[in-house]
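Data from protein_22.pdb: PDB, C-alpha atoms
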ATOM      1  CA  MET J   1      61.644  74.617  87.367
ATOM      2  CA  SER J   2      60.004  73.635  90.623
ATOM      3  CA  GLU J   3      60.645  75.835  93.676
ATOM      4  CA  GLN J   4      59.379  73.264  96.182
ATOM      5  CA  TYR J   5      62.135  71.370  97.962
ATOM      6  CA  ASN J   6      61.877  68.870 100.785
ATOM      7  CA  GLU J   7      64.431  66.791 102.681
ATOM      8  CA  GLU J   8      64.856  64.530  99.652
ATOM      9  CA  SER J   9      65.357  67.220  97.013
ATOM     10  CA  MET J  10      67.567  70.252  96.450
ATOM     11  CA  PRO J  11      68.355  72.688  93.634
ATOM     12  CA  CYS J  12      71.193  71.819  91.249
ATOM     13  CA  PRO J  13      74.031  74.344  91.866
ATOM     14  CA  VAL J  14      74.514  74.766  88.099
ATOM     15  CA  CYS J  15      71.047  74.806  86.479
ATOM     16  CA  ARG J  16      68.854  75.201  89.616
ATOM     17  CA  GLU J  17      66.524  72.326  88.609
ATOM     18  CA  THR J  18      65.188  70.078  91.400
ATOM     19  CA  ILE J  19      67.359  66.995  91.975
ATOM     20  CA  LYS J  20      67.714  64.393  94.713
ATOM     21  CA  VAL J  21      69.923  65.213  97.711
ATOM     22  CA  GLY J  22      72.300  62.250  97.239
ATOM     23  CA  ALA J  23      72.755  62.768  93.485
ATOM     24  CA  LEU J  24      76.275  62.728  92.065
ATOM     25  CA  LYS J  25      75.233  64.195  88.692
ATOM     26  CA  CYS J  26      72.382  66.449  87.671
ATOM     27  CA  ARG J  27      69.926  64.656  85.411
ATOM     28  CA  PHE J  28      69.081  67.912  83.615
ATOM     29  CA  CYS J  29      72.459  69.529  82.862
ATOM     30  CA  ASN J  30      74.637  66.422  83.436
ATOM     31  CA  SER J  31      76.992  68.396  85.747
ATOM     32  CA  ASN J  32      79.205  66.569  88.237
ATOM     33  CA  LEU J  33      77.944  67.987  91.543
ATOM     34  CA  LYS J  34      81.171  67.427  93.477
ATOM     35  CA  THR J  35      83.320  69.338  90.986
ATOM     36  CA  ALA J  36      80.638  72.042  90.716
ATOM     37  CA  ALA J  37      80.795  72.518  94.500
ATOM     38  CA  VAL J  38      84.621  72.681  94.429
ATOM     39  CA  ASP J  39      84.551  75.188  91.543
ATOM     40  CA  GLN J  40      81.980  77.308  93.335
ATOM     41  CA  GLU J  41      84.076  77.248  96.537
ATOM     42  CA  ALA J  42      87.203  78.305  94.579
ATOM     43  CA  GLU J  43      85.389  81.322  93.153
ATOM     44  CA  THR J  44      84.380  82.521  96.616
ATOM     45  CA  GLU J  45      86.897  84.832  98.267
ATOM     46  CA  HIS J  46      87.832  83.940 101.868
ATOM     47  CA  ILE J  47      89.966  85.975 104.275
ATOM     48  CA  LEU J  48      93.181  84.177 105.288
ATOM     49  CA  TYR J  49      94.562  87.008 107.451
ATOM     50  CA  SER J  50      93.436  90.495 108.360
ATOM     51  CA  GLY J  51      95.278  92.787 110.752
ATOM     52  CA  HIS J  52      98.482  94.622 111.564
ATOM     53  CA  PRO J  53     102.010  93.210 111.763
ATOM     54  CA  ALA J  54     103.447  92.555 115.210
ATOM     55  CA  ILE J  55     104.768  95.620 117.025
ATOM     56  CA  ILE J  56     108.118  93.969 117.629
ATOM     57  CA  TYR J  57     108.985  91.181 115.197
ATOM     58  CA  SER J  58     112.769  91.002 115.599
ATOM     59  CA  ALA J  59     115.139  90.384 118.482
ATOM     60  CA  TRP J  60     117.134  93.436 117.385
ATOM     61  CA  GLN J  61     114.055  95.604 117.900
ATOM     62  CA  TRP J  62     113.813  94.318 121.481
ATOM     63  CA  LEU J  63     117.449  95.309 121.954
ATOM     64  CA  VAL J  64     116.716  98.843 120.673
ATOM     65  CA  VAL J  65     113.650  99.118 122.952
ATOM     66  CA  ILE J  66     115.747  98.104 125.963
ATOM     67  CA  CYS J  67     118.591 100.510 125.051
ATOM     68  CA  THR J  68     116.187 103.459 124.608
ATOM     69  CA  LEU J  69     114.332 102.649 127.831
ATOM     70  CA  GLY J  70     111.109 101.890 125.959
ATOM     71  CA  ILE J  71     110.937 105.006 123.792
ATOM     72  CA  ALA J  72     111.559 102.975 120.623
ATOM     73  CA  PHE J  73     108.478 100.887 121.496
ATOM     74  CA  ILE J  74     106.275 103.915 120.716
ATOM     75  CA  TYR J  75     107.956 104.273 117.310
ATOM     76  CA  TYR J  76     107.531 100.553 116.562
ATOM     77  CA  TRP J  77     103.890 100.712 117.701
ATOM     78  CA  MET J  78     103.171 103.617 115.313
ATOM     79  CA  GLU J  79     104.943 101.755 112.535
ATOM     80  CA  SER J  80     102.810  98.670 113.234
ATOM     81  CA  ILE J  81      99.444 100.448 113.236
ATOM     82  CA  SER J  82     100.347 102.278 110.035
ATOM     83  CA  VAL J  83     100.331  98.967 108.097
ATOM     84  CA  THR J  84      97.207  96.846 107.677
ATOM     85  CA  TYR J  85      97.164  93.549 105.784
ATOM     86  CA  GLN J  86      94.094  91.898 104.329
ATOM     87  CA  ILE J  87      95.128  88.643 102.707
ATOM     88  CA  THR J  88      92.419  86.643 100.971
ATOM     89  CA  THR J  89      92.285  83.604  98.704
ATOM     90  CA  GLN J  90      92.247  85.902  95.650
ATOM     91  CA  ARG J  91      94.195  89.061  96.498
ATOM     92  CA  ILE J  92      96.504  90.837  98.922
ATOM     93  CA  LYS J  93      95.608  94.333 100.114
ATOM     94  CA  ILE J  94      98.138  96.380 102.053
ATOM     95  CA  GLU J  95      97.157  99.725 103.515
ATOM     96  CA  HIS J  96      99.933 102.112 104.571
ATOM     97  CA  GLY J  97      99.573 105.222 106.686
ATOM     98  CA  VAL J  98      97.856 106.528 109.802
ATOM     99  CA  LEU J  99      96.249 109.818 108.733
ATOM    100  CA  SER J 100      96.753 109.614 104.971
ATOM    101  CA  LYS J 101      96.278 106.142 103.533
ATOM    102  CA  LEU J 102      97.827 104.408 100.543
ATOM    103  CA  MET J 103      96.086 101.187  99.471
ATOM    104  CA  GLU J 104      98.067  98.622  97.518
ATOM    105  CA  SER J 105      96.235  95.642  96.021
ATOM    106  CA  VAL J 106      97.714  92.714  94.129
ATOM    107  CA  GLU J 107      95.775  89.838  92.609
ATOM    108  CA  LEU J 108      97.201  86.430  93.533
ATOM    109  CA  PHE J 109      97.234  85.192  89.955
ATOM    110  CA  THR J 110      99.902  87.844  89.178
ATOM    111  CA  ILE J 111     102.297  86.495  91.841
ATOM    112  CA  GLU J 112     105.232  84.832  90.094
ATOM    113  CA  HIS J 113     107.525  83.872  92.974
ATOM    114  CA  PHE J 114     107.449  83.466  96.766
ATOM    115  CA  ASP J 115     110.559  83.968  98.916
ATOM    116  CA  VAL J 116     110.499  83.237 102.668
ATOM    117  CA  TYR J 117     113.202  85.086 104.610
ATOM    118  CA  LYS J 118     114.218  84.149 108.133
ATOM    119  CA  PRO J 119     116.903  86.534 109.334
ATOM    120  CA  LEU J 120     118.486  85.694 112.681
ATOM    121  CA  GLY J 121     116.718  88.508 114.577
ATOM    122  CA  MET J 122     113.312  87.501 113.250
ATOM    123  CA  ARG J 123     113.924  83.809 113.920
ATOM    124  CA  LEU J 124     114.854  84.598 117.521
ATOM    125  CA  ALA J 125     111.570  86.513 117.922
ATOM    126  CA  GLY J 126     109.600  83.715 116.187
ATOM    127  CA  TYR J 127     108.763  85.569 112.963
ATOM    128  CA  SER J 128     109.733  85.522 109.313
ATOM    129  CA  SER J 129     109.159  87.639 106.229
ATOM    130  CA  ILE J 130     107.889  86.778 102.764
ATOM    131  CA  ARG J 131     108.697  88.644  99.608
ATOM    132  CA  LEU J 132     106.319  88.163  96.697
ATOM    133  CA  ARG J 133     107.359  89.013  93.158
ATOM    134  CA  SER J 134     104.469  89.978  90.925
ATOM    135  CA  SER J 135     104.012  90.485  87.195
ATOM    136  CA  ASP J 136     101.955  93.576  88.090
ATOM    137  CA  ALA J 137     104.068  96.578  87.037
ATOM    138  CA  SER J 138     102.585  98.857  89.718
ATOM    139  CA  SER J 139     103.603  96.483  92.540
ATOM    140  CA  PRO J 140     106.514  94.303  91.378
ATOM    141  CA  VAL J 141     107.608  93.329  94.918
ATOM    142  CA  ILE J 142     105.358  92.917  97.969
ATOM    143  CA  SER J 143     106.820  92.363 101.447
ATOM    144  CA  ILE J 144     104.802  90.873 104.292
ATOM    145  CA  TYR J 145     106.288  90.634 107.781
ATOM    146  CA  GLY J 146     105.372  90.413 111.440
ATOM    147  CA  ILE J 147     102.597  87.822 111.143
ATOM    148  CA  ASP J 148     102.466  84.697 113.296
ATOM    149  CA  ASP J 149     102.912  81.436 111.372
ATOM    150  CA  LEU J 150     103.802  83.285 108.162
ATOM    151  CA  GLU J 151     105.369  80.184 106.599
ATOM    152  CA  ASN J 152     102.034  78.337 106.608
ATOM    153  CA  LEU J 153     100.329  81.443 105.246
ATOM    154  CA  ALA J 154     102.915  81.530 102.431
ATOM    155  CA  ASP J 155     102.073  77.899 101.589
ATOM    156  CA  GLN J 156      98.348  78.748 101.545
ATOM    157  CA  LEU J 157      99.045  81.755  99.310
ATOM    158  CA  ARG J 158     101.074  79.569  96.941
ATOM    159  CA  GLU J 159      98.174  77.106  96.651
ATOM    160  CA  CYS J 160      95.638  79.923  96.199
ATOM    161  CA  SER J 161      97.828  81.529  93.538
ATOM    162  CA  LEU J 162      98.014  78.277  91.577
ATOM    163  CA  ARG J 163      94.258  77.749  91.961
ATOM    164  CA  GLU J 164      93.545  81.302  90.745
ATOM    165  CA  ARG J 165      95.843  80.815  87.754
ATOM    166  CA  SER J 166      94.106  77.600  86.758
ATOM    167  CA  ARG J 167      90.650  79.080  87.392
ATOM    168  CA  ARG J 168      91.467  82.057  85.169
ATOM    169  CA  LYS J 169      93.323  79.820  82.686
ATOM    170  CA  ILE J 170      96.585  81.780  82.967
ATOM    171  CA  THR J 171      99.949  80.255  82.145
ATOM    172  CA  SER J 172     103.394  81.596  83.038
ATOM    173  CA  ILE J 173     105.859  82.625  80.398
ATOM    174  CA  ILE J 174     109.409  82.102  81.577
ATOM    175  CA  GLN J 175     111.902  84.381  79.864
ATOM    176  CA  THR J 176     115.528  83.345  79.660
TER     177      THR J 176
END
What is this file in structure tokens?
Amino acid sequence: MSEQYNEESMPCPVCRETIKVGALKCRFCNSNLKTAAVDQEAETEHILYSGHPAIIYSAWQWLVVICTLGIAFIYYWMESISVTYQITTQRIKIEHGVLSKLMESVELFTIEHFDVYKPLGMRLAGYSSIRLRSSDASSPVISIYGIDDLENLADQLRECSLRERSRRKITSIIQT
């Protein structure tokens, strides 16, 4: 294997032999370079969202804040900073707590069903909630709320879940 590359050559992503830059297939391992790049990209974990839910994500919460002259805002702020989401292309991590922490992690390939909820109060505030049902016995239901553009994130999660299932060669068994 040659380690010298110039502008006209590059290493094959599969076998690392020197091939031409514009090649569609590797002449050594006969790999399709476009599908190899897509497969390699699918195996890499990317962060889709990382952060806390919104402090106030429902119109009813605004009503409570107004009625309590802002005192409820402190409660909602503490509630918001006690939850941290890290949503990636392969897993969902939810951390609960301020002083003591509880970390919940669910692999996307275990997610069986996605439900998007838009209650009136959340819709008025511009938010929604998703409920994920998992085959993981330790976390059968995951709720995510208070994130901007959560519907698009749910669509991305659905696609990532299907991609992870096909990458890991997992099929669903539907019980009746």
Answer key for the PyMOL selection byres ((chain J and resi 136-147) around 9), residues as a PyMOL selection string: chain J and resi 49+51-58+80+85+94+104-107+110-111+122+127-135+148-150+153
Contacts of Asp155 in chain J within 12 Å, only C-alpha atoms, excl. fewer than 2 positions in-chain, as a list in words: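 Within the cut-off, the hits are Leu48, Thr89, His113, Phe114, Asp115, Val116, Ile130, Asp149, Leu150, Glu151, Asn152, Leu153, Leu157, Arg158, Glu159, Cys160, Ser161 and Leu162 of chain J.
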Residue nearest Leu108 in chain J - candidates J:Ser166, J:Ser82, J:Ser50, J:Thr68, atoms counted: only C-alpha atoms: J:Ser166
Centre, edges in Å (one decimal): axis-aligned box, range 69-73 of chain J, 8 Å padding on all six sides, as AutoDock Vina command-line options:
--center_x 111.4 --center_y 102.9 --center_z 124.2 --size_x 21.9 --size_y 20.1 --size_z 23.2
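One finds CA of Glu95 in chain J at 21.6 Å from CA of Glu112 in chain J.
Atom to atom, CA of Pro13 in chain J and CA of Arg163 in chain J stand 20.5 Å apart.
For the atom pair formed by CA of Thr84 in chain J and CA of Ala125 in chain J, the distance is 20.4 Å, given to one decimal.
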Skipping near chain neighbours, those fewer than 5 positions away, what residues fall within 12 Å of range 25-35 of chain J using only C-alpha atoms, listed as a tab-separated table (two decimals) with C-alpha atoms, in the coordinates of the input?
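Output below, filename result-v8.tsv:
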chain	number	residue	atom	x	y	z
J	1	MET	CA	61.64	74.62	87.37
J	9	SER	CA	65.36	67.22	97.01
J	10	MET	CA	67.57	70.25	96.45
J	11	PRO	CA	68.36	72.69	93.63
J	12	CYS	CA	71.19	71.82	91.25
J	13	PRO	CA	74.03	74.34	91.87
J	14	VAL	CA	74.51	74.77	88.10
J	15	CYS	CA	71.05	74.81	86.48
J	16	ARG	CA	68.85	75.20	89.62
J	17	GLU	CA	66.52	72.33	88.61
J	18	THR	CA	65.19	70.08	91.40
J	19	ILE	CA	67.36	67.00	91.98
J	20	LYS	CA	67.71	64.39	94.71
J	40	GLN	CA	81.98	77.31	93.34
J	41	GLU	CA	84.08	77.25	96.54
J	42	ALA	CA	87.20	78.31	94.58
